[in-house]
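The data block below is model36.txt; it holds compact mmCIF, N, CA and C atoms.
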# COMPACT_ATOMS: atom_id res chain seq x y z
N MET W 1 49.07 -24.52 74.65
CA MET W 1 48.35 -24.72 73.41
C MET W 1 46.87 -24.91 73.73
N LEU W 2 46.07 -23.95 73.33
CA LEU W 2 44.63 -24.02 73.56
C LEU W 2 43.92 -24.65 72.37
N PRO W 3 42.77 -25.26 72.60
CA PRO W 3 41.98 -25.76 71.47
C PRO W 3 41.59 -24.61 70.55
N GLU W 4 41.38 -24.92 69.30
CA GLU W 4 41.04 -23.89 68.32
C GLU W 4 39.75 -23.15 68.65
N TRP W 5 38.84 -23.79 69.34
CA TRP W 5 37.51 -23.23 69.57
C TRP W 5 37.43 -22.32 70.78
N VAL W 6 38.53 -22.07 71.48
CA VAL W 6 38.52 -21.10 72.58
C VAL W 6 39.50 -19.98 72.28
N SER W 7 39.20 -18.81 72.82
CA SER W 7 40.03 -17.66 72.54
C SER W 7 40.96 -17.28 73.69
N SER W 8 40.72 -17.87 74.88
CA SER W 8 41.57 -17.50 76.02
C SER W 8 41.61 -18.64 77.04
N VAL W 9 42.59 -18.56 77.92
CA VAL W 9 42.70 -19.54 78.99
C VAL W 9 41.47 -19.46 79.89
N GLU W 10 40.99 -18.27 80.15
CA GLU W 10 39.81 -18.09 81.01
C GLU W 10 38.58 -18.76 80.40
N GLU W 11 38.41 -18.63 79.09
CA GLU W 11 37.27 -19.27 78.43
C GLU W 11 37.38 -20.79 78.52
N TYR W 12 38.58 -21.32 78.36
CA TYR W 12 38.81 -22.77 78.46
C TYR W 12 38.55 -23.24 79.88
N ARG W 13 39.03 -22.49 80.86
CA ARG W 13 38.82 -22.84 82.26
C ARG W 13 37.32 -22.87 82.58
N GLU W 14 36.59 -21.87 82.11
CA GLU W 14 35.14 -21.83 82.35
C GLU W 14 34.44 -23.01 81.69
N PHE W 15 34.89 -23.40 80.49
CA PHE W 15 34.32 -24.56 79.81
C PHE W 15 34.51 -25.81 80.66
N ILE W 16 35.72 -26.01 81.18
CA ILE W 16 36.01 -27.19 81.99
C ILE W 16 35.16 -27.19 83.26
N PHE W 17 35.08 -26.04 83.95
CA PHE W 17 34.28 -25.96 85.17
C PHE W 17 32.79 -26.18 84.89
N ARG W 18 32.28 -25.62 83.78
CA ARG W 18 30.88 -25.81 83.42
C ARG W 18 30.60 -27.28 83.11
N ALA W 19 31.51 -27.91 82.37
CA ALA W 19 31.35 -29.33 82.06
C ALA W 19 31.35 -30.16 83.33
N HIS W 20 32.19 -29.78 84.28
CA HIS W 20 32.24 -30.50 85.56
C HIS W 20 30.91 -30.36 86.31
N ARG W 21 30.38 -29.14 86.35
CA ARG W 21 29.11 -28.91 87.06
C ARG W 21 27.95 -29.69 86.43
N GLU W 22 28.00 -29.85 85.12
CA GLU W 22 26.91 -30.50 84.40
C GLU W 22 27.16 -32.00 84.18
N SER W 23 28.22 -32.53 84.76
CA SER W 23 28.60 -33.91 84.50
C SER W 23 27.62 -34.90 85.12
N THR W 24 27.72 -36.12 84.66
CA THR W 24 26.88 -37.21 85.13
C THR W 24 27.45 -37.78 86.42
N ASN W 25 26.59 -38.19 87.31
CA ASN W 25 27.00 -38.84 88.54
C ASN W 25 26.82 -40.34 88.36
N ALA W 26 27.89 -41.10 88.48
CA ALA W 26 27.84 -42.55 88.21
C ALA W 26 26.83 -43.26 89.09
N LEU W 27 26.71 -42.85 90.33
CA LEU W 27 25.79 -43.54 91.23
C LEU W 27 24.33 -43.25 90.89
N SER W 28 24.06 -42.08 90.30
CA SER W 28 22.66 -41.77 89.97
C SER W 28 22.25 -42.41 88.65
N VAL W 29 23.19 -42.79 87.81
CA VAL W 29 22.87 -43.38 86.51
C VAL W 29 22.54 -44.85 86.64
N GLY W 30 23.31 -45.56 87.40
CA GLY W 30 23.07 -46.99 87.53
C GLY W 30 23.68 -47.51 88.81
N GLU W 31 23.05 -48.49 89.39
CA GLU W 31 23.54 -49.04 90.65
C GLU W 31 24.94 -49.60 90.46
N GLY W 32 25.87 -49.08 91.22
CA GLY W 32 27.24 -49.55 91.15
C GLY W 32 27.97 -49.17 89.88
N GLY W 33 27.39 -48.29 89.07
CA GLY W 33 28.05 -47.84 87.86
C GLY W 33 27.71 -48.62 86.60
N PHE W 34 26.73 -49.54 86.66
CA PHE W 34 26.35 -50.28 85.45
C PHE W 34 26.00 -49.30 84.34
N GLY W 35 26.57 -49.49 83.17
CA GLY W 35 26.25 -48.65 82.02
C GLY W 35 26.96 -47.32 81.99
N VAL W 36 27.88 -47.06 82.92
CA VAL W 36 28.58 -45.78 82.99
C VAL W 36 30.00 -45.96 82.49
N HIS W 37 30.41 -45.05 81.62
CA HIS W 37 31.76 -45.07 81.03
C HIS W 37 32.55 -43.92 81.65
N VAL W 38 33.60 -44.26 82.41
CA VAL W 38 34.43 -43.28 83.10
C VAL W 38 35.79 -43.19 82.43
N GLY W 39 36.21 -41.97 82.12
CA GLY W 39 37.55 -41.74 81.61
C GLY W 39 38.44 -41.23 82.73
N ILE W 40 39.67 -41.71 82.77
CA ILE W 40 40.63 -41.28 83.79
C ILE W 40 41.85 -40.68 83.09
N LEU W 41 42.01 -39.35 83.20
CA LEU W 41 43.21 -38.68 82.71
C LEU W 41 44.21 -38.69 83.84
N ASP W 42 45.30 -39.40 83.68
CA ASP W 42 46.24 -39.54 84.79
C ASP W 42 47.55 -40.12 84.27
N SER W 43 48.15 -41.00 85.06
CA SER W 43 49.49 -41.50 84.78
C SER W 43 49.51 -42.94 84.25
N ALA W 44 48.37 -43.48 83.86
CA ALA W 44 48.33 -44.88 83.42
C ALA W 44 47.73 -45.04 82.04
N ARG W 45 48.36 -45.92 81.26
CA ARG W 45 47.74 -46.38 80.02
C ARG W 45 47.08 -47.72 80.26
N THR W 46 47.65 -48.50 81.15
CA THR W 46 47.04 -49.75 81.59
C THR W 46 47.14 -49.80 83.11
N LEU W 47 46.35 -50.65 83.71
CA LEU W 47 46.38 -50.82 85.16
C LEU W 47 46.91 -52.21 85.49
N PRO W 48 47.52 -52.35 86.65
CA PRO W 48 47.93 -53.70 87.07
C PRO W 48 46.70 -54.60 87.09
N SER W 49 46.83 -55.79 86.55
CA SER W 49 45.66 -56.68 86.48
C SER W 49 45.39 -57.32 87.83
N THR W 50 44.10 -57.42 88.12
CA THR W 50 43.66 -58.13 89.31
C THR W 50 42.52 -59.04 88.89
N GLU W 51 42.46 -60.20 89.48
CA GLU W 51 41.46 -61.17 89.08
C GLU W 51 40.08 -60.87 89.65
N ASP W 52 40.01 -60.07 90.72
CA ASP W 52 38.73 -59.85 91.40
C ASP W 52 38.00 -58.59 90.96
N THR W 53 38.45 -57.93 89.91
CA THR W 53 37.80 -56.70 89.48
C THR W 53 36.85 -56.96 88.31
N PRO W 54 35.60 -56.49 88.42
CA PRO W 54 34.65 -56.67 87.34
C PRO W 54 34.72 -55.56 86.29
N THR W 55 35.59 -54.59 86.48
CA THR W 55 35.65 -53.44 85.59
C THR W 55 36.13 -53.83 84.20
N ARG W 56 35.48 -53.25 83.22
CA ARG W 56 35.87 -53.45 81.84
C ARG W 56 36.69 -52.23 81.38
N ILE W 57 37.84 -52.49 80.77
CA ILE W 57 38.67 -51.42 80.21
C ILE W 57 38.30 -51.30 78.73
N LYS W 58 37.84 -50.12 78.33
CA LYS W 58 37.40 -49.92 76.95
C LYS W 58 38.53 -49.36 76.07
N HIS W 59 39.21 -48.32 76.57
CA HIS W 59 40.30 -47.71 75.80
C HIS W 59 41.52 -47.53 76.70
N GLU W 60 42.69 -47.73 76.12
CA GLU W 60 43.96 -47.48 76.81
C GLU W 60 44.80 -46.62 75.87
N ARG W 61 44.86 -45.32 76.19
CA ARG W 61 45.52 -44.39 75.26
C ARG W 61 46.68 -43.66 75.95
N ARG W 62 47.73 -43.45 75.19
CA ARG W 62 48.92 -42.76 75.69
C ARG W 62 49.09 -41.45 74.93
N PHE W 63 49.32 -40.35 75.67
CA PHE W 63 49.49 -39.03 75.06
C PHE W 63 50.82 -38.39 75.41
N ILE W 64 51.72 -39.19 75.95
CA ILE W 64 53.07 -38.71 76.28
C ILE W 64 54.08 -39.69 75.70
N GLU W 65 55.32 -39.25 75.60
CA GLU W 65 56.40 -40.11 75.09
C GLU W 65 56.99 -40.89 76.25
N THR W 66 56.65 -42.16 76.34
CA THR W 66 57.19 -43.05 77.37
C THR W 66 56.94 -44.49 76.97
N ASP W 67 57.76 -45.36 77.51
CA ASP W 67 57.55 -46.80 77.32
C ASP W 67 56.85 -47.41 78.53
N GLN W 68 56.63 -46.60 79.56
CA GLN W 68 56.01 -47.09 80.79
C GLN W 68 54.49 -47.04 80.69
N ASP W 69 53.83 -48.11 81.08
CA ASP W 69 52.37 -48.11 81.10
C ASP W 69 51.82 -47.40 82.33
N LEU W 70 52.63 -47.27 83.36
CA LEU W 70 52.23 -46.58 84.59
C LEU W 70 53.41 -45.71 85.02
N THR W 71 53.28 -44.38 84.87
CA THR W 71 54.40 -43.49 85.17
C THR W 71 54.46 -43.08 86.64
N THR W 72 53.33 -43.05 87.32
CA THR W 72 53.27 -42.82 88.77
C THR W 72 52.15 -43.69 89.32
N PRO W 73 52.14 -43.98 90.62
CA PRO W 73 51.08 -44.83 91.17
C PRO W 73 49.74 -44.11 91.35
N HIS W 74 49.69 -42.83 91.07
CA HIS W 74 48.48 -42.05 91.33
C HIS W 74 47.26 -42.61 90.60
N ALA W 75 47.42 -42.98 89.34
CA ALA W 75 46.27 -43.47 88.55
C ALA W 75 45.66 -44.71 89.18
N THR W 76 46.49 -45.58 89.71
CA THR W 76 45.98 -46.78 90.36
C THR W 76 45.17 -46.43 91.59
N ARG W 77 45.62 -45.45 92.36
CA ARG W 77 44.86 -45.02 93.54
C ARG W 77 43.52 -44.40 93.15
N VAL W 78 43.53 -43.59 92.09
CA VAL W 78 42.27 -42.99 91.61
C VAL W 78 41.31 -44.09 91.16
N TYR W 79 41.81 -45.03 90.38
CA TYR W 79 40.99 -46.14 89.91
C TYR W 79 40.41 -46.92 91.09
N ASP W 80 41.24 -47.24 92.08
CA ASP W 80 40.78 -48.00 93.24
C ASP W 80 39.68 -47.26 93.99
N LEU W 81 39.81 -45.95 94.12
CA LEU W 81 38.80 -45.14 94.80
C LEU W 81 37.48 -45.15 94.03
N ILE W 82 37.54 -44.93 92.74
CA ILE W 82 36.32 -44.96 91.92
C ILE W 82 35.68 -46.34 91.98
N GLN W 83 36.50 -47.37 91.94
CA GLN W 83 36.03 -48.76 91.97
C GLN W 83 35.23 -49.06 93.24
N GLN W 84 35.59 -48.44 94.35
CA GLN W 84 34.87 -48.66 95.61
C GLN W 84 33.42 -48.20 95.51
N TYR W 85 33.18 -47.11 94.79
CA TYR W 85 31.84 -46.54 94.71
C TYR W 85 31.05 -47.04 93.51
N ALA W 86 31.75 -47.39 92.45
CA ALA W 86 31.07 -47.83 91.23
C ALA W 86 31.85 -49.00 90.63
N PRO W 87 31.70 -50.18 91.19
CA PRO W 87 32.52 -51.32 90.77
C PRO W 87 32.19 -51.88 89.39
N HIS W 88 31.09 -51.46 88.78
CA HIS W 88 30.69 -52.05 87.50
C HIS W 88 30.85 -51.10 86.32
N ILE W 89 31.65 -50.07 86.46
CA ILE W 89 31.85 -49.11 85.39
C ILE W 89 32.70 -49.70 84.27
N THR W 90 32.62 -49.04 83.13
CA THR W 90 33.55 -49.26 82.04
C THR W 90 34.55 -48.11 82.10
N VAL W 91 35.83 -48.41 81.97
CA VAL W 91 36.88 -47.40 82.14
C VAL W 91 37.68 -47.22 80.86
N SER W 92 38.00 -45.97 80.56
CA SER W 92 38.99 -45.65 79.53
C SER W 92 40.11 -44.89 80.20
N LEU W 93 41.35 -45.26 79.88
CA LEU W 93 42.53 -44.66 80.50
C LEU W 93 43.25 -43.77 79.49
N TYR W 94 43.64 -42.58 79.95
CA TYR W 94 44.34 -41.61 79.11
C TYR W 94 45.60 -41.18 79.85
N GLN W 95 46.75 -41.69 79.41
CA GLN W 95 48.01 -41.42 80.10
C GLN W 95 48.55 -40.06 79.63
N VAL W 96 48.57 -39.09 80.56
CA VAL W 96 49.01 -37.74 80.24
C VAL W 96 50.08 -37.22 81.20
N ILE W 97 50.32 -37.92 82.30
CA ILE W 97 51.29 -37.47 83.31
C ILE W 97 52.55 -38.32 83.20
N ASN W 98 53.69 -37.64 83.10
CA ASN W 98 54.94 -38.37 82.94
C ASN W 98 55.50 -38.83 84.29
N SER W 99 56.63 -39.51 84.27
CA SER W 99 57.20 -40.07 85.49
C SER W 99 57.70 -39.01 86.46
N ASP W 100 57.84 -37.76 86.01
CA ASP W 100 58.20 -36.65 86.90
C ASP W 100 56.96 -35.99 87.50
N GLY W 101 55.77 -36.51 87.17
CA GLY W 101 54.53 -35.93 87.66
C GLY W 101 54.09 -34.70 86.90
N GLU W 102 54.65 -34.49 85.71
CA GLU W 102 54.34 -33.30 84.92
C GLU W 102 53.23 -33.59 83.91
N LEU W 103 52.41 -32.57 83.71
CA LEU W 103 51.29 -32.65 82.77
C LEU W 103 51.43 -31.51 81.78
N GLY W 104 51.62 -31.85 80.51
CA GLY W 104 51.73 -30.83 79.47
C GLY W 104 50.36 -30.45 78.94
N VAL W 105 50.24 -29.22 78.47
CA VAL W 105 48.96 -28.73 77.95
C VAL W 105 48.53 -29.50 76.71
N GLY W 106 49.47 -29.81 75.82
CA GLY W 106 49.14 -30.54 74.59
C GLY W 106 48.54 -31.91 74.86
N PRO W 107 49.22 -32.75 75.65
CA PRO W 107 48.65 -34.06 75.96
C PRO W 107 47.31 -33.95 76.70
N TYR W 108 47.20 -33.00 77.60
CA TYR W 108 45.96 -32.77 78.35
C TYR W 108 44.81 -32.47 77.39
N HIS W 109 45.04 -31.54 76.49
CA HIS W 109 44.02 -31.15 75.51
C HIS W 109 43.65 -32.33 74.61
N ASP W 110 44.66 -33.02 74.10
CA ASP W 110 44.41 -34.15 73.19
C ASP W 110 43.65 -35.28 73.88
N ALA W 111 43.97 -35.52 75.15
CA ALA W 111 43.28 -36.58 75.90
C ALA W 111 41.82 -36.22 76.16
N ILE W 112 41.55 -34.96 76.47
CA ILE W 112 40.15 -34.53 76.66
C ILE W 112 39.38 -34.71 75.37
N ASP W 113 39.97 -34.30 74.24
CA ASP W 113 39.30 -34.50 72.95
C ASP W 113 39.03 -35.98 72.69
N ALA W 114 40.01 -36.84 73.00
CA ALA W 114 39.83 -38.28 72.79
C ALA W 114 38.72 -38.83 73.68
N ALA W 115 38.69 -38.38 74.93
CA ALA W 115 37.66 -38.85 75.86
C ALA W 115 36.26 -38.45 75.38
N ILE W 116 36.15 -37.25 74.87
CA ILE W 116 34.85 -36.80 74.33
C ILE W 116 34.48 -37.67 73.12
N SER W 117 35.44 -37.90 72.24
CA SER W 117 35.18 -38.77 71.07
C SER W 117 34.85 -40.20 71.48
N ASP W 118 35.45 -40.66 72.57
CA ASP W 118 35.20 -42.02 73.05
C ASP W 118 33.86 -42.14 73.77
N GLY W 119 33.20 -41.02 74.03
CA GLY W 119 31.87 -41.05 74.63
C GLY W 119 31.84 -41.30 76.13
N VAL W 120 32.87 -40.85 76.86
CA VAL W 120 32.84 -41.05 78.30
C VAL W 120 31.70 -40.24 78.92
N ASP W 121 31.10 -40.80 79.96
CA ASP W 121 30.04 -40.10 80.69
C ASP W 121 30.63 -39.20 81.76
N ILE W 122 31.70 -39.67 82.37
CA ILE W 122 32.38 -38.94 83.45
C ILE W 122 33.86 -38.94 83.13
N LEU W 123 34.49 -37.78 83.27
CA LEU W 123 35.92 -37.68 83.03
C LEU W 123 36.60 -37.24 84.30
N ASN W 124 37.40 -38.13 84.89
CA ASN W 124 38.16 -37.81 86.09
C ASN W 124 39.48 -37.16 85.68
N ILE W 125 39.71 -35.96 86.19
CA ILE W 125 40.95 -35.24 85.91
C ILE W 125 41.56 -34.84 87.24
N SER W 126 42.72 -35.37 87.54
CA SER W 126 43.43 -35.00 88.76
C SER W 126 44.57 -34.07 88.38
N ILE W 127 44.48 -32.82 88.84
CA ILE W 127 45.49 -31.83 88.50
C ILE W 127 45.98 -31.16 89.78
N GLY W 128 47.26 -31.01 89.89
CA GLY W 128 47.83 -30.25 91.00
C GLY W 128 48.30 -31.13 92.14
N ASP W 129 48.84 -30.46 93.13
CA ASP W 129 49.41 -31.16 94.30
C ASP W 129 48.33 -31.54 95.29
I need this file expressed as structure tokens, please.
Amino acid sequence: MLPEWVSSVEEYREFIFRAHRESTNALSVGEGGFGVHVGILDSARTLPSTEDTPTRIKHERRFIETDQDLTTPHATRVYDLIQQYAPHITVSLYQVINSDGELGVGPYHDAIDAAISDGVDILNISIGD
């Protein structure tokens, strides 16, 4: 399922790659990510809480049918990696990957639209093996 505003998979792919090339770099915007809003499309709607993290969670959205807040540990690893380089970011989480590690086109598309509406500066998308 493609967004209404694209006519082909190739056009959508080019849009994603162009957006990636033109994206904001968290480290160049603010020291440690101050003032930067990062969206993470992955397997988590919420993250395990830790007392030593200064990160603010702005949105926690689910785009798949599940009762699990974390369907695979991948999202936590992505978050931890980003946190090392930009510990003061604001994060929005978009759960699109199910417990089998599958990503559907519909949830993927809807989550990207939500992230754009939420005003994220950087959108992390982990796709593939």
To one decimal place in Å, what is the distance between CA of Thr71 in chain W and CA of Asn124 in chain W?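 If I compute the distance from CA of Thr71 in chain W to CA of Asn124 in chain W, I get 17.2 Å.
With distances restricted to all atoms listed in the file, W:Phe63 is the closest residue to Gly106 in chain W from W:Thr76, W:Arg56, W:Phe63, W:Val120.
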For Thr72 in chain W, find every residue with an atom within 12 Å (counting only C-alpha atoms), except residues of its own chain fewer than 4 positions away, and show them as a list in words.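 Near Thr72 in chain W, the qualifying residues are Asp42, Ser43, Ala44, Arg45, Thr46, Leu47, Gln68, Thr76, Arg77, Val78, Gln95, Val96, Ile97, Asn98, Ser99, Asp100, Gly101, Glu102 and Leu103 of chain W.
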For Lys58 in chain W, please output as a list in words all residues within 7 Å (counting only C-alpha atoms; exclusion window: fewer than 4 positions along the same chain).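 Listed by chain and then number, they are Thr90, Val91 and Ser92 of chain W.
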Would you output that residue set with N, CA and C atoms, as a JSON list (two decimals), in the coordinates of the input?
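Contents of again_27.json, as written:
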[["chain", "number", "residue", "atom", "x", "y", "z"],
["W", 90, "THR", "N", 32.62, -49.04, 83.13],
["W", 90, "THR", "CA", 33.55, -49.26, 82.04],
["W", 90, "THR", "C", 34.55, -48.11, 82.10],
["W", 91, "VAL", "N", 35.83, -48.41, 81.97],
["W", 91, "VAL", "CA", 36.88, -47.40, 82.14],
["W", 91, "VAL", "C", 37.68, -47.22, 80.86],
["W", 92, "SER", "N", 38.00, -45.97, 80.56],
["W", 92, "SER", "CA", 38.99, -45.65, 79.53],
["W", 92, "SER", "C", 40.11, -44.89, 80.20]]
Would you compute the distance between CA of Val6 in chain W and CA of Val38 in chain W? Give it in Å to one decimal.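 One can read the CA of Val6 in chain W to CA of Val38 in chain W distance as 24.9 Å.
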Alpha helix (DSSP H) residues, from DSSP on the backbone, in chain W, as number ranges by chain: W: 9-21, 26-29, 74-85, 105-118
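Among the candidate residues W:Ser126, W:Phe34, W:Ile16, W:Ser8, the one lying nearest to Gln83 in chain W is W:Phe34, with distances computed using only C-alpha atoms.
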Looking only at strand (DSSP E or B) from DSSP on the backbone, list the matching residues of chain W as a count of residues only. 27
Give me the box for range 71-76 of chain W as JSON, namely the centre and edge lengths in Å to one decimal of a box along x, y and z that holds every listed atom plus 5 Å on each side.
{"center_x": 49.8, "center_y": -44.4, "center_z": 88.2, "size_x": 19.3, "size_y": 14.7, "size_z": 16.7}
Could you state the separation of CA of Leu41 in chain W and CA of Arg13 in chain W in Å, given to one decimal place?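 Interatomic distance, CA of Leu41 in chain W to CA of Arg13 in chain W: 16.4 Å.
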Please, which residues are within 8 Å of (26.5, -49.5, 80.6) by the file's coordinates, counting all atoms listed in the file, and could they come as a ChimeraX atom specification? /W:33-37,88-90
Smallest atom-to-atom distance to Pro3 in chain W: which of W:Gln84, W:Leu70, W:Phe15, W:Gly119, using only C-alpha atoms? W:Phe15
Across W:Tyr12, W:Gly104, W:Ile112, W:Ser117, the smallest distance to Ile64 in chain W, with only C-alpha atoms counted, is shown by W:Gly104
Place N, CA, C and O atoms on range 102-122 of chain W and deliver the coordinates as a tab-separated table (two decimals), keeping the file's coordinate frame.
chain	number	residue	atom	x	y	z
W	102	GLU	N	54.65	-34.49	85.71
W	102	GLU	CA	54.34	-33.30	84.92
W	102	GLU	C	53.23	-33.59	83.91
W	102	GLU	O	53.14	-34.68	83.36
W	103	LEU	N	52.41	-32.57	83.71
W	103	LEU	CA	51.29	-32.65	82.77
W	103	LEU	C	51.43	-31.51	81.78
W	103	LEU	O	51.37	-30.35	82.15
W	104	GLY	N	51.62	-31.85	80.51
W	104	GLY	CA	51.73	-30.83	79.47
W	104	GLY	C	50.36	-30.45	78.94
W	104	GLY	O	49.42	-31.26	78.93
W	105	VAL	N	50.24	-29.22	78.47
W	105	VAL	CA	48.96	-28.73	77.95
W	105	VAL	C	48.53	-29.50	76.71
W	105	VAL	O	47.36	-29.85	76.56
W	106	GLY	N	49.47	-29.81	75.82
W	106	GLY	CA	49.14	-30.54	74.59
W	106	GLY	C	48.54	-31.91	74.86
W	106	GLY	O	47.44	-32.22	74.37
W	107	PRO	N	49.22	-32.75	75.65
W	107	PRO	CA	48.65	-34.06	75.96
W	107	PRO	C	47.31	-33.95	76.70
W	107	PRO	O	46.39	-34.73	76.44
W	108	TYR	N	47.20	-33.00	77.60
W	108	TYR	CA	45.96	-32.77	78.35
W	108	TYR	C	44.81	-32.47	77.39
W	108	TYR	O	43.75	-33.09	77.45
W	109	HIS	N	45.04	-31.54	76.49
W	109	HIS	CA	44.02	-31.15	75.51
W	109	HIS	C	43.65	-32.33	74.61
W	109	HIS	O	42.47	-32.61	74.38
W	110	ASP	N	44.66	-33.02	74.10
W	110	ASP	CA	44.41	-34.15	73.19
W	110	ASP	C	43.65	-35.28	73.88
W	110	ASP	O	42.77	-35.91	73.28
W	111	ALA	N	43.97	-35.52	75.15
W	111	ALA	CA	43.28	-36.58	75.90
W	111	ALA	C	41.82	-36.22	76.16
W	111	ALA	O	40.95	-37.09	76.09
W	112	ILE	N	41.55	-34.96	76.47
W	112	ILE	CA	40.15	-34.53	76.66
W	112	ILE	C	39.38	-34.71	75.37
W	112	ILE	O	38.26	-35.24	75.37
W	113	ASP	N	39.97	-34.30	74.24
W	113	ASP	CA	39.30	-34.50	72.95
W	113	ASP	C	39.03	-35.98	72.69
W	113	ASP	O	37.95	-36.35	72.23
W	114	ALA	N	40.01	-36.84	73.00
W	114	ALA	CA	39.83	-38.28	72.79
W	114	ALA	C	38.72	-38.83	73.68
W	114	ALA	O	37.91	-39.64	73.24
W	115	ALA	N	38.69	-38.38	74.93
W	115	ALA	CA	37.66	-38.85	75.86
W	115	ALA	C	36.26	-38.45	75.38
W	115	ALA	O	35.32	-39.25	75.46
W	116	ILE	N	36.15	-37.25	74.87
W	116	ILE	CA	34.85	-36.80	74.33
W	116	ILE	C	34.48	-37.67	73.12
W	116	ILE	O	33.35	-38.15	73.02
W	117	SER	N	35.44	-37.90	72.24
W	117	SER	CA	35.18	-38.77	71.07
W	117	SER	C	34.85	-40.20	71.48
W	117	SER	O	34.06	-40.87	70.81
W	118	ASP	N	35.45	-40.66	72.57
W	118	ASP	CA	35.20	-42.02	73.05
W	118	ASP	C	33.86	-42.14	73.77
W	118	ASP	O	33.44	-43.24	74.10
W	119	GLY	N	33.20	-41.02	74.03
W	119	GLY	CA	31.87	-41.05	74.63
W	119	GLY	C	31.84	-41.30	76.13
W	119	GLY	O	30.87	-41.87	76.63
W	120	VAL	N	32.87	-40.85	76.86
W	120	VAL	CA	32.84	-41.05	78.30
W	120	VAL	C	31.70	-40.24	78.92
W	120	VAL	O	31.36	-39.15	78.46
W	121	ASP	N	31.10	-40.80	79.96
W	121	ASP	CA	30.04	-40.10	80.69
W	121	ASP	C	30.63	-39.20	81.76
W	121	ASP	O	30.09	-38.13	82.05
W	122	ILE	N	31.70	-39.67	82.37
W	122	ILE	CA	32.38	-38.94	83.45
W	122	ILE	C	33.86	-38.94	83.13
W	122	ILE	O	34.42	-39.97	82.78
